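S.K.: Contents of my_file-v3.pdb (PDB, C-alpha atoms and all ligand atoms) are given next:
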```pdb
ATOM      1  CA  MET A  30       5.311 -14.971   0.428  1.00  0.00           C
ATOM      2  CA  GLU A  31       4.981 -15.755   4.146  1.00  0.00           C
ATOM      3  CA  THR A  32       6.981 -18.637   5.587  1.00  0.00           C
ATOM      4  CA  PRO A  33       5.138 -21.501   7.333  1.00  0.00           C
ATOM      5  CA  ALA A  34       6.188 -20.051  10.711  1.00  0.00           C
ATOM      6  CA  GLU A  35       4.836 -16.609   9.774  1.00  0.00           C
ATOM      7  CA  LEU A  36       1.560 -18.139   8.562  1.00  0.00           C
ATOM      8  CA  ALA A  37       1.169 -20.147  11.766  1.00  0.00           C
ATOM      9  CA  ASP A  38       1.792 -17.030  13.813  1.00  0.00           C
ATOM     10  CA  ARG A  39      -0.667 -14.915  11.790  1.00  0.00           C
ATOM     11  CA  PHE A  40      -3.446 -17.490  12.007  1.00  0.00           C
ATOM     12  CA  ASP A  41      -2.759 -18.203  15.700  1.00  0.00           C
ATOM     13  CA  ARG A  42      -3.547 -14.549  16.326  1.00  0.00           C
ATOM     14  CA  ARG A  43      -6.662 -14.699  14.149  1.00  0.00           C
ATOM     15  CA  ALA A  44      -7.978 -17.960  15.649  1.00  0.00           C
ATOM     16  CA  PRO A  45     -10.092 -16.584  18.532  1.00  0.00           C
ATOM     17  CA  GLU A  46     -12.342 -14.506  16.237  1.00  0.00           C
ATOM     18  CA  TYR A  47     -11.998 -16.459  12.970  1.00  0.00           C
ATOM     19  CA  ASP A  48     -15.409 -18.171  13.233  1.00  0.00           C
ATOM     20  CA  GLY A  49     -17.056 -14.734  13.308  1.00  0.00           C
ATOM     21  CA  SER A  50     -16.343 -14.364   9.575  1.00  0.00           C
ATOM     22  CA  ALA A  51     -19.621 -14.657   7.630  1.00  0.00           C
ATOM     23  CA  MET A  52     -17.561 -15.124   4.485  1.00  0.00           C
ATOM     24  CA  HIS A  53     -15.652 -18.140   5.805  1.00  0.00           C
ATOM     25  CA  ARG A  54     -18.746 -19.696   7.404  1.00  0.00           C
ATOM     26  CA  GLY A  55     -20.818 -19.175   4.250  1.00  0.00           C
ATOM     27  CA  LEU A  56     -18.134 -20.502   1.901  1.00  0.00           C
ATOM     28  CA  ALA A  57     -17.555 -23.574   4.098  1.00  0.00           C
ATOM     29  CA  GLN A  58     -21.274 -24.378   3.905  1.00  0.00           C
ATOM     30  CA  ALA A  59     -21.280 -23.855   0.131  1.00  0.00           C
ATOM     31  CA  VAL A  60     -18.366 -26.282  -0.218  1.00  0.00           C
ATOM     32  CA  ALA A  61     -20.148 -28.822   2.007  1.00  0.00           C
ATOM     33  CA  ASP A  62     -23.244 -28.499  -0.211  1.00  0.00           C
ATOM     34  CA  PHE A  63     -21.105 -28.878  -3.381  1.00  0.00           C
ATOM     35  CA  VAL A  64     -19.153 -32.042  -2.525  1.00  0.00           C
ATOM     36  CA  ARG A  65     -20.406 -35.484  -3.506  1.00  0.00           C
ATOM     37  CA  LEU A  66     -20.234 -37.831  -0.541  1.00  0.00           C
ATOM     38  CA  GLY A  67     -21.589 -41.043  -2.074  1.00  0.00           C
ATOM     39  CA  GLY A  68     -19.179 -43.883  -1.278  1.00  0.00           C
ATOM     40  CA  VAL A  69     -16.819 -41.613   0.662  1.00  0.00           C
ATOM     41  CA  ARG A  70     -15.030 -43.194   3.633  1.00  0.00           C
ATOM     42  CA  ASP A  71     -12.237 -40.691   4.356  1.00  0.00           C
ATOM     43  CA  VAL A  72     -12.302 -36.899   4.066  1.00  0.00           C
ATOM     44  CA  LEU A  73      -9.165 -34.759   4.433  1.00  0.00           C
ATOM     45  CA  ASP A  74      -9.428 -30.966   4.766  1.00  0.00           C
ATOM     46  CA  VAL A  75      -6.064 -29.316   4.060  1.00  0.00           C
ATOM     47  CA  GLY A  76      -5.468 -25.904   5.645  1.00  0.00           C
ATOM     48  CA  THR A  77      -8.500 -26.746   7.747  1.00  0.00           C
ATOM     49  CA  GLY A  78      -8.185 -23.722  10.029  1.00  0.00           C
ATOM     50  CA  THR A  79     -10.899 -23.970  12.678  1.00  0.00           C
ATOM     51  CA  GLY A  80     -12.439 -26.908  10.797  1.00  0.00           C
ATOM     52  CA  LEU A  81     -15.333 -24.928   9.329  1.00  0.00           C
ATOM     53  CA  VAL A  82     -15.559 -27.123   6.213  1.00  0.00           C
ATOM     54  CA  LEU A  83     -15.552 -30.392   8.178  1.00  0.00           C
ATOM     55  CA  ARG A  84     -18.058 -28.907  10.626  1.00  0.00           C
ATOM     56  CA  SER A  85     -20.389 -28.010   7.735  1.00  0.00           C
ATOM     57  CA  LEU A  86     -20.526 -31.537   6.298  1.00  0.00           C
ATOM     58  CA  PRO A  87     -23.576 -33.632   7.129  1.00  0.00           C
ATOM     59  CA  ALA A  88     -23.151 -36.429   9.655  1.00  0.00           C
ATOM     60  CA  GLY A  89     -22.215 -39.680   7.940  1.00  0.00           C
ATOM     61  CA  PRO A  90     -20.036 -42.761   8.038  1.00  0.00           C
ATOM     62  CA  TRP A  91     -16.979 -40.836   6.786  1.00  0.00           C
ATOM     63  CA  ARG A  92     -13.871 -40.303   8.860  1.00  0.00           C
ATOM     64  CA  LEU A  93     -12.912 -36.623   9.092  1.00  0.00           C
ATOM     65  CA  ARG A  94      -9.325 -35.394   9.199  1.00  0.00           C
ATOM     66  CA  GLY A  95      -7.917 -31.877   9.112  1.00  0.00           C
ATOM     67  CA  VAL A  96      -4.358 -30.559   8.794  1.00  0.00           C
ATOM     68  CA  ASP A  97      -3.212 -27.017   9.508  1.00  0.00           C
ATOM     69  CA  LEU A  98       0.006 -25.155  10.309  1.00  0.00           C
ATOM     70  CA  SER A  99      -1.556 -23.070  13.076  1.00  0.00           C
ATOM     71  CA  PRO A 100      -1.861 -24.665  16.538  1.00  0.00           C
ATOM     72  CA  GLY A 101      -4.311 -21.917  17.555  1.00  0.00           C
ATOM     73  CA  MET A 102      -6.670 -22.658  14.652  1.00  0.00           C
ATOM     74  CA  VAL A 103      -6.427 -26.403  15.314  1.00  0.00           C
ATOM     75  CA  ASP A 104      -7.264 -25.888  19.013  1.00  0.00           C
ATOM     76  CA  VAL A 105     -10.549 -24.246  17.940  1.00  0.00           C
ATOM     77  CA  ALA A 106     -11.224 -27.056  15.436  1.00  0.00           C
ATOM     78  CA  ARG A 107     -10.623 -29.778  18.032  1.00  0.00           C
ATOM     79  CA  ALA A 108     -12.945 -28.120  20.537  1.00  0.00           C
ATOM     80  CA  ALA A 109     -15.694 -27.723  17.912  1.00  0.00           C
ATOM     81  CA  LEU A 110     -15.394 -31.186  16.363  1.00  0.00           C
ATOM     82  CA  PRO A 111     -13.992 -33.607  18.960  1.00  0.00           C
ATOM     83  CA  ASP A 112     -14.723 -36.722  16.866  1.00  0.00           C
ATOM     84  CA  ALA A 113     -12.493 -35.608  13.979  1.00  0.00           C
ATOM     85  CA  GLU A 114      -8.708 -36.058  13.831  1.00  0.00           C
ATOM     86  CA  PHE A 115      -6.650 -32.885  13.529  1.00  0.00           C
ATOM     87  CA  ALA A 116      -2.909 -32.518  13.039  1.00  0.00           C
ATOM     88  CA  VAL A 117      -0.679 -29.453  13.239  1.00  0.00           C
ATOM     89  CA  ALA A 118       1.414 -30.011  10.125  1.00  0.00           C
ATOM     90  CA  ASP A 119       2.316 -28.733   6.674  1.00  0.00           C
ATOM     91  CA  ALA A 120      -0.405 -29.933   4.314  1.00  0.00           C
ATOM     92  CA  THR A 121       1.957 -29.797   1.337  1.00  0.00           C
ATOM     93  CA  SER A 122       3.782 -32.878   2.699  1.00  0.00           C
ATOM     94  CA  LEU A 123       1.279 -35.238   4.273  1.00  0.00           C
ATOM     95  CA  ASP A 124       1.981 -38.002   6.739  1.00  0.00           C
ATOM     96  CA  LEU A 125      -0.566 -40.259   5.019  1.00  0.00           C
ATOM     97  CA  PRO A 126      -0.172 -43.319   2.803  1.00  0.00           C
ATOM     98  CA  ASP A 127      -0.870 -43.285  -0.925  1.00  0.00           C
ATOM     99  CA  ALA A 128      -4.519 -43.861  -1.895  1.00  0.00           C
ATOM    100  CA  SER A 129      -5.962 -43.466   1.605  1.00  0.00           C
ATOM    101  CA  VAL A 130      -8.525 -40.643   1.159  1.00  0.00           C
ATOM    102  CA  ASP A 131     -11.665 -40.293  -0.993  1.00  0.00           C
ATOM    103  CA  LEU A 132     -12.182 -36.533  -0.786  1.00  0.00           C
ATOM    104  CA  VAL A 133      -9.628 -33.763  -0.223  1.00  0.00           C
ATOM    105  CA  THR A 134     -11.013 -30.285   0.420  1.00  0.00           C
ATOM    106  CA  CYS A 135      -8.938 -27.093   0.336  1.00  0.00           C
ATOM    107  CA  VAL A 136     -10.729 -23.808   0.994  1.00  0.00           C
ATOM    108  CA  THR A 137      -9.028 -20.393   0.668  1.00  0.00           C
ATOM    109  CA  MET A 138      -5.641 -21.889   1.491  1.00  0.00           C
ATOM    110  CA  LEU A 139      -3.880 -22.673  -1.805  1.00  0.00           C
ATOM    111  CA  HIS A 140      -2.963 -19.015  -2.410  1.00  0.00           C
ATOM    112  CA  LEU A 141      -0.763 -19.252   0.711  1.00  0.00           C
ATOM    113  CA  VAL A 142       1.297 -22.138  -0.716  1.00  0.00           C
ATOM    114  CA  PRO A 143       4.466 -21.313  -2.696  1.00  0.00           C
ATOM    115  CA  ASP A 144       4.127 -24.154  -5.238  1.00  0.00           C
ATOM    116  CA  ALA A 145       0.417 -24.836  -5.847  1.00  0.00           C
ATOM    117  CA  PRO A 146       0.850 -27.579  -8.504  1.00  0.00           C
ATOM    118  CA  ALA A 147       3.294 -29.466  -6.239  1.00  0.00           C
ATOM    119  CA  ALA A 148       0.812 -29.262  -3.337  1.00  0.00           C
ATOM    120  CA  MET A 149      -1.973 -30.573  -5.578  1.00  0.00           C
ATOM    121  CA  ARG A 150       0.223 -33.459  -6.749  1.00  0.00           C
ATOM    122  CA  GLU A 151       0.740 -34.369  -3.075  1.00  0.00           C
ATOM    123  CA  TRP A 152      -3.055 -34.343  -2.502  1.00  0.00           C
ATOM    124  CA  ARG A 153      -3.495 -36.441  -5.655  1.00  0.00           C
ATOM    125  CA  ARG A 154      -1.061 -38.989  -4.180  1.00  0.00           C
ATOM    126  CA  VAL A 155      -3.327 -39.636  -1.189  1.00  0.00           C
ATOM    127  CA  LEU A 156      -6.535 -39.949  -3.257  1.00  0.00           C
ATOM    128  CA  ARG A 157      -8.045 -43.369  -3.784  1.00  0.00           C
ATOM    129  CA  PRO A 158      -9.235 -44.303  -7.285  1.00  0.00           C
ATOM    130  CA  GLY A 159     -12.543 -42.492  -7.815  1.00  0.00           C
ATOM    131  CA  GLY A 160     -11.598 -39.796  -5.309  1.00  0.00           C
ATOM    132  CA  CYS A 161     -11.438 -36.071  -5.975  1.00  0.00           C
ATOM    133  CA  LEU A 162     -10.100 -32.735  -4.769  1.00  0.00           C
ATOM    134  CA  VAL A 163     -12.486 -29.825  -4.138  1.00  0.00           C
ATOM    135  CA  LEU A 164     -10.822 -26.438  -4.065  1.00  0.00           C
ATOM    136  CA  ALA A 165     -12.359 -23.051  -3.209  1.00  0.00           C
ATOM    137  CA  THR A 166     -10.490 -19.926  -4.320  1.00  0.00           C
ATOM    138  CA  PHE A 167     -11.227 -16.221  -4.480  1.00  0.00           C
ATOM    139  CA  ALA A 168     -12.320 -15.236  -7.998  1.00  0.00           C
ATOM    140  CA  ASP A 169     -10.086 -12.741  -9.757  1.00  0.00           C
ATOM    141  CA  ASP A 170     -13.018 -10.284  -9.884  1.00  0.00           C
ATOM    142  CA  SER A 171     -13.919 -10.656  -6.198  1.00  0.00           C
ATOM    143  CA  PRO A 172     -14.388  -7.147  -4.785  1.00  0.00           C
ATOM    144  CA  SER A 173     -12.775  -8.282  -1.498  1.00  0.00           C
ATOM    145  CA  TRP A 174     -10.524 -11.159  -0.580  1.00  0.00           C
ATOM    146  CA  HIS A 175      -8.262 -12.383   2.195  1.00  0.00           C
ATOM    147  CA  GLY A 176      -4.693 -12.648   1.073  1.00  0.00           C
ATOM    148  CA  PRO A 177      -1.655 -10.649   0.120  1.00  0.00           C
ATOM    149  CA  ALA A 178      -2.248  -6.969  -0.554  1.00  0.00           C
ATOM    150  CA  PRO A 179      -1.588  -5.987  -4.150  1.00  0.00           C
ATOM    151  CA  GLU A 180       1.665  -4.204  -4.850  1.00  0.00           C
ATOM    152  CA  PRO A 181       1.240  -0.515  -5.699  1.00  0.00           C
ATOM    153  CA  GLY A 182       0.059  -0.207  -9.279  1.00  0.00           C
ATOM    154  CA  HIS A 183      -1.282  -3.773  -9.409  1.00  0.00           C
ATOM    155  CA  SER A 184      -4.895  -4.948  -9.228  1.00  0.00           C
ATOM    156  CA  PRO A 185      -6.388  -7.244  -6.583  1.00  0.00           C
ATOM    157  CA  ALA A 186      -6.646  -9.960  -9.257  1.00  0.00           C
ATOM    158  CA  GLU A 187      -2.900  -9.794  -9.810  1.00  0.00           C
ATOM    159  CA  ALA A 188      -2.292 -10.209  -6.072  1.00  0.00           C
ATOM    160  CA  HIS A 189      -4.398 -13.328  -6.082  1.00  0.00           C
ATOM    161  CA  ALA A 190      -3.490 -14.851  -9.438  1.00  0.00           C
ATOM    162  CA  PRO A 191      -3.413 -17.517 -10.740  1.00  0.00           C
ATOM    163  CA  LEU A 192      -6.279 -19.293  -8.951  1.00  0.00           C
ATOM    164  CA  GLY A 193      -9.320 -17.153  -9.648  1.00  0.00           C
ATOM    165  CA  SER A 194     -10.588 -17.938 -13.161  1.00  0.00           C
ATOM    166  CA  SER A 195     -11.706 -21.083 -14.953  1.00  0.00           C
ATOM    167  CA  GLU A 196      -8.741 -20.732 -17.333  1.00  0.00           C
ATOM    168  CA  ALA A 197      -6.282 -20.538 -14.434  1.00  0.00           C
ATOM    169  CA  LEU A 198      -7.890 -23.538 -12.749  1.00  0.00           C
ATOM    170  CA  GLU A 199      -7.634 -25.550 -15.983  1.00  0.00           C
ATOM    171  CA  ARG A 200      -3.919 -24.659 -16.186  1.00  0.00           C
ATOM    172  CA  LEU A 201      -3.441 -25.644 -12.547  1.00  0.00           C
ATOM    173  CA  ALA A 202      -5.172 -28.972 -13.196  1.00  0.00           C
ATOM    174  CA  ALA A 203      -2.950 -29.683 -16.198  1.00  0.00           C
ATOM    175  CA  ALA A 204       0.168 -28.938 -14.136  1.00  0.00           C
ATOM    176  CA  SER A 205      -0.826 -31.268 -11.311  1.00  0.00           C
ATOM    177  CA  GLY A 206      -2.328 -34.361 -12.919  1.00  0.00           C
ATOM    178  CA  PHE A 207      -5.994 -33.452 -12.616  1.00  0.00           C
ATOM    179  CA  VAL A 208      -8.883 -32.485 -14.853  1.00  0.00           C
ATOM    180  CA  VAL A 209     -11.535 -29.975 -13.831  1.00  0.00           C
ATOM    181  CA  SER A 210     -14.816 -31.840 -13.539  1.00  0.00           C
ATOM    182  CA  ARG A 211     -17.153 -29.151 -12.104  1.00  0.00           C
ATOM    183  CA  ILE A 212     -16.979 -25.451 -11.207  1.00  0.00           C
ATOM    184  CA  ALA A 213     -19.557 -23.474  -9.223  1.00  0.00           C
ATOM    185  CA  GLU A 214     -19.586 -19.778  -8.338  1.00  0.00           C
ATOM    186  CA  TRP A 215     -20.399 -18.550  -4.847  1.00  0.00           C
ATOM    187  CA  GLU A 216     -21.002 -14.983  -3.719  1.00  0.00           C
ATOM    188  CA  LEU A 217     -21.500 -13.277  -0.408  1.00  0.00           C
ATOM    189  CA  ARG A 218     -23.673 -10.174  -0.639  1.00  0.00           C
ATOM    190  CA  SER A 219     -23.787  -7.640   2.142  1.00  0.00           C
ATOM    191  CA  ASN A 220     -27.374  -6.971   3.251  1.00  0.00           C
ATOM    192  CA  GLY A 221     -28.693  -8.182  -0.095  1.00  0.00           C
ATOM    193  CA  GLY A 222     -26.647  -5.523  -1.913  1.00  0.00           C
ATOM    194  CA  ALA A 223     -23.643  -5.781  -4.198  1.00  0.00           C
ATOM    195  CA  PRO A 224     -21.385  -8.853  -3.971  1.00  0.00           C
ATOM    196  CA  GLU A 225     -18.693  -8.455  -1.340  1.00  0.00           C
ATOM    197  CA  TYR A 226     -16.853 -11.716  -2.005  1.00  0.00           C
ATOM    198  CA  ARG A 227     -16.925 -13.928  -5.079  1.00  0.00           C
ATOM    199  CA  CYS A 228     -15.360 -17.402  -5.013  1.00  0.00           C
ATOM    200  CA  LEU A 229     -14.985 -20.388  -7.305  1.00  0.00           C
ATOM    201  CA  ILE A 230     -15.573 -23.906  -6.011  1.00  0.00           C
ATOM    202  CA  THR A 231     -13.908 -26.459  -8.262  1.00  0.00           C
ATOM    203  CA  GLU A 232     -13.884 -30.241  -8.314  1.00  0.00           C
ATOM    204  CA  PHE A 233     -10.729 -31.843  -9.734  1.00  0.00           C
ATOM    205  CA  ALA A 234     -10.577 -35.513 -10.699  1.00  0.00           C
ATOM    206  CA  PRO A 235      -7.212 -37.229 -11.111  1.00  0.00           C
ATOM    207  CA  VAL A 236      -6.332 -37.697 -14.784  1.00  0.00           C
ATOM    208  CA  ASP A 237      -7.627 -41.002 -16.174  1.00  0.00           C
ATOM    209  CA  ASP A 238     -10.013 -41.238 -13.275  1.00  0.00           C
ATOM    210  CA  ARG A 239     -12.713 -38.764 -14.186  1.00  0.00           C
ATOM    211  CA  ARG A 240     -16.107 -39.296 -12.553  1.00  0.00           C
ATOM    212  CA  ALA A 241     -19.109 -39.467 -14.855  1.00  0.00           C
TER
HETATM  213  C1  LIG B   1      -7.910 -18.451   5.237  1.00  0.00           C
HETATM  214  S1  LIG B   1      -7.626 -19.832   6.297  1.00  0.00           S
HETATM  215  C2  LIG B   1      -8.836 -21.011   5.674  1.00  0.00           C
HETATM  216  C3  LIG B   1      -9.219 -22.010   6.745  1.00  0.00           C
HETATM  217  C4  LIG B   1     -10.334 -22.963   6.342  1.00  0.00           C
HETATM  218  N1  LIG B   1      -9.969 -23.732   5.162  1.00  0.00           N
HETATM  219  C5  LIG B   1     -11.628 -22.235   6.112  1.00  0.00           C
HETATM  220  O1  LIG B   1     -12.170 -22.319   5.000  1.00  0.00           O
HETATM  221  O2  LIG B   1     -12.121 -21.590   7.028  1.00  0.00           O
HETATM  222  C6  LIG B   1      -6.098 -20.509   5.666  1.00  0.00           C
HETATM  223  C7  LIG B   1      -5.541 -21.606   6.572  1.00  0.00           C
HETATM  224  O3  LIG B   1      -4.515 -22.306   5.850  1.00  0.00           O
HETATM  225  C8  LIG B   1      -3.506 -22.648   6.761  1.00  0.00           C
HETATM  226  N2  LIG B   1      -2.301 -22.959   5.988  1.00  0.00           N
HETATM  227  C9  LIG B   1      -1.619 -22.143   5.139  1.00  0.00           C
HETATM  228  N3  LIG B   1      -0.602 -22.809   4.570  1.00  0.00           N
HETATM  229  C10 LIG B   1      -0.647 -24.080   5.064  1.00  0.00           C
HETATM  230  C11 LIG B   1       0.137 -25.243   4.847  1.00  0.00           C
HETATM  231  N4  LIG B   1       1.196 -25.256   4.018  1.00  0.00           N
HETATM  232  N5  LIG B   1      -0.187 -26.369   5.517  1.00  0.00           N
HETATM  233  C12 LIG B   1      -1.238 -26.381   6.372  1.00  0.00           C
HETATM  234  N6  LIG B   1      -2.019 -25.310   6.627  1.00  0.00           N
HETATM  235  C13 LIG B   1      -1.730 -24.169   5.965  1.00  0.00           C
HETATM  236  C14 LIG B   1      -3.418 -21.447   7.693  1.00  0.00           C
HETATM  237  O4  LIG B   1      -2.774 -21.757   8.908  1.00  0.00           O
HETATM  238  C15 LIG B   1      -4.899 -21.092   7.850  1.00  0.00           C
HETATM  239  O5  LIG B   1      -5.467 -21.737   8.964  1.00  0.00           O
END
```
What's the structure tokens form of this structure?
Ligand SMILES: C[S@@+](CC[C@H](N)C(=O)[O-])C[C@H]1O[C@@H](n2cnc3c(N)ncnc32)[C@H](O)[C@@H]1O

M.R.:
Amino acid sequence: METPAELADRFDRRAPEYDGSAMHRGLAQAVADFVRLGGVRDVLDVGTGTGLVLRSLPAGPWRLRGVDLSPGMVDVARAALPDAEFAVADATSLDLPDASVDLVTCVTMLHLVPDAPAAMREWRRVLRPGGCLVLATFADDSPSWHGPAPEPGHSPAEAHAPLGSSEALERLAAASGFVVSRIAEWELRSNGGAPEYRCLITEFAPVDDRRA
């Protein structure tokens, strides 16, 4: 697994053309359409990259924050969304008080984190009562994905496990103090043809705090 310094370096190099990705733009919009914003005051996007998810949200009274390891990605985010607050930092250890955020979003980033349940427990810490985490991950059966190449003799799903099925997401929730409250599927098709990317968008509510 890449170190934080290696990740920052890789995404710094990718930053100038990152917004050209139809997959990332489309998934960010799908996540923005999926989230429930009623009563939300503070949104935190972890592994925000160029801020595509925050940029896709409708205008509203919510305060927008993004955290990312890559200074190059954050430079693009700041230029695109000057009213939001962005920090270059490790999103698995946040410089935020307990119970200070209503919605945490994490889109195609968790597979880059060495200890996913520990990262989710940290995001749970900053959620206010009634808040939730929305996670988007590549489905195990996605024909394409961005992430580690599979080892020889292993399938793409194995390279991307364990975040790409409803069973895996339920296990992840149980390990991090959440319950899965909603899952949606999202696909990108090339020129109306076969699916190129398939992703799962999942809402997690902290245990004992499940939304109706
Ligand atoms: C594939 S990009 C996704 C960016 C954005 N969420 C989107 O949907 O376009 C993954 C991002 O996660 C960031 N990242 C990976 N590990 C991180 C960590 N521990 N803390 C903060 N950012 C991280 C990378 O720097 C990169 O910008």

S.K.: With the file shown as input, list the residues that the PyMOL selection byres (((not hetatm)) within 8 of (chain B and resi 1)) selects, as JSON, numbers by chain.

M.R.: {"A": [33, 36, 37, 39, 40, 41, 47, 48, 53, 54, 56, 57, 74, 75, 76, 77, 78, 79, 80, 81, 82, 96, 97, 98, 99, 102, 103, 117, 118, 119, 120, 121, 135, 136, 137, 138, 139, 141, 142, 175, 176]}

S.K.: Considering only C-alpha atoms, return as a list in words whatever protein or nucleic-acid residues lie within 7 Å of Trp215 of chain A, sequence-local ones (same chain, fewer than 6 positions apart) excluded.

M.R.: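 With the cut-off at 7 Å, the set is Arg227, Cys228 and Leu229 of chain A.
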
S.K.: To one decimal in Å, tell me the separation between atom CA of Ala147 of chain A and atom CA of Ala204 of chain A.

M.R.: 8.5 Å

S.K.: In Å to one decimal, how far is atom CA of Ala44 of chain A from atom CA of Ser122 of chain A?

M.R.: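 Between these atoms lies a distance of 23.0 Å.
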
S.K.: Give me, please, the distance in Å between atom CA of Gly193 of chain A and atom CA of Ala165 of chain A, quoted to one decimal.

M.R.: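 Computed distance, atom CA of Gly193 of chain A to atom CA of Ala165 of chain A, equals 9.2 Å.
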
S.K.: Mind checking which residues fall within 12 Å of Pro111 of chain A, counting all atoms listed in the file, ignoring those fewer than 2 positions away in the same chain, and posting them as a compact mmCIF listing (two decimals) with C-alpha atoms, in the coordinates of the input?

M.R.:
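File out00.txt, as written:
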```txt
# COMPACT_ATOMS: atom_id res chain seq x y z
CA THR A 79 -10.90 -23.97 12.68
CA GLY A 80 -12.44 -26.91 10.80
CA LEU A 83 -15.55 -30.39 8.18
CA ARG A 84 -18.06 -28.91 10.63
CA LEU A 93 -12.91 -36.62 9.09
CA ARG A 94 -9.32 -35.39 9.20
CA GLY A 95 -7.92 -31.88 9.11
CA VAL A 103 -6.43 -26.40 15.31
CA ASP A 104 -7.26 -25.89 19.01
CA VAL A 105 -10.55 -24.25 17.94
CA ALA A 106 -11.22 -27.06 15.44
CA ARG A 107 -10.62 -29.78 18.03
CA ALA A 108 -12.94 -28.12 20.54
CA ALA A 109 -15.69 -27.72 17.91
CA ALA A 113 -12.49 -35.61 13.98
CA GLU A 114 -8.71 -36.06 13.83
CA PHE A 115 -6.65 -32.88 13.53
```

S.K.: Residue by residue, what does the PyMOL selection byres (((chain A and resi 70) around 9) and not hetatm) grab here? Present the result as a list in words.

M.R.: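 On this input, the PyMOL selection byres (((chain A and resi 70) around 9) and not hetatm) captures Leu66, Gly67, Gly68, Val69, Asp71, Val72, Pro90, Trp91, Arg92, Leu93, Val130, Asp131 and Leu132 of chain A.
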
S.K.: Could you write out that same residue set with C-alpha atoms as a compact mmCIF listing (two decimals), in the coordinates of the input?

M.R.:
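Contents of the output file part-v1.txt:
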```txt
# COMPACT_ATOMS: atom_id res chain seq x y z
CA LEU A 66 -20.23 -37.83 -0.54
CA GLY A 67 -21.59 -41.04 -2.07
CA GLY A 68 -19.18 -43.88 -1.28
CA VAL A 69 -16.82 -41.61 0.66
CA ASP A 71 -12.24 -40.69 4.36
CA VAL A 72 -12.30 -36.90 4.07
CA PRO A 90 -20.04 -42.76 8.04
CA TRP A 91 -16.98 -40.84 6.79
CA ARG A 92 -13.87 -40.30 8.86
CA LEU A 93 -12.91 -36.62 9.09
CA VAL A 130 -8.52 -40.64 1.16
CA ASP A 131 -11.66 -40.29 -0.99
CA LEU A 132 -12.18 -36.53 -0.79
```

S.K.: Could you check the closest approach to Glu225 of chain A for each of A:Gly159, A:Ala168, A:Glu199, A:Asp237 and tell me which residue wins, using only C-alpha atoms?

M.R.: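 Looking at the shortest contact to Glu225 of chain A, the residue is A:Ala168.
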
S.K.: Is it possible to get the axis-aligned box enclosing segment 118-137 of chain A (all listed atoms, 6 Å extra per side) as JSON, with centre and edge lengths in Å rounded to one decimal?

M.R.:
```
{"center_x": -4.2, "center_y": -32.1, "center_z": 4.1, "size_x": 28.0, "size_y": 35.5, "size_z": 24.0}
```

S.K.: With 10 Å as the threshold, what does the neighbourhood of (-19.5, -27.5, -12.6) contain in terms of residues, counting all atoms listed in the file? Coordinates are those of the file; answer as an MDAnalysis selection string.

M.R.: chainID A and resid 63 209:214 229:232
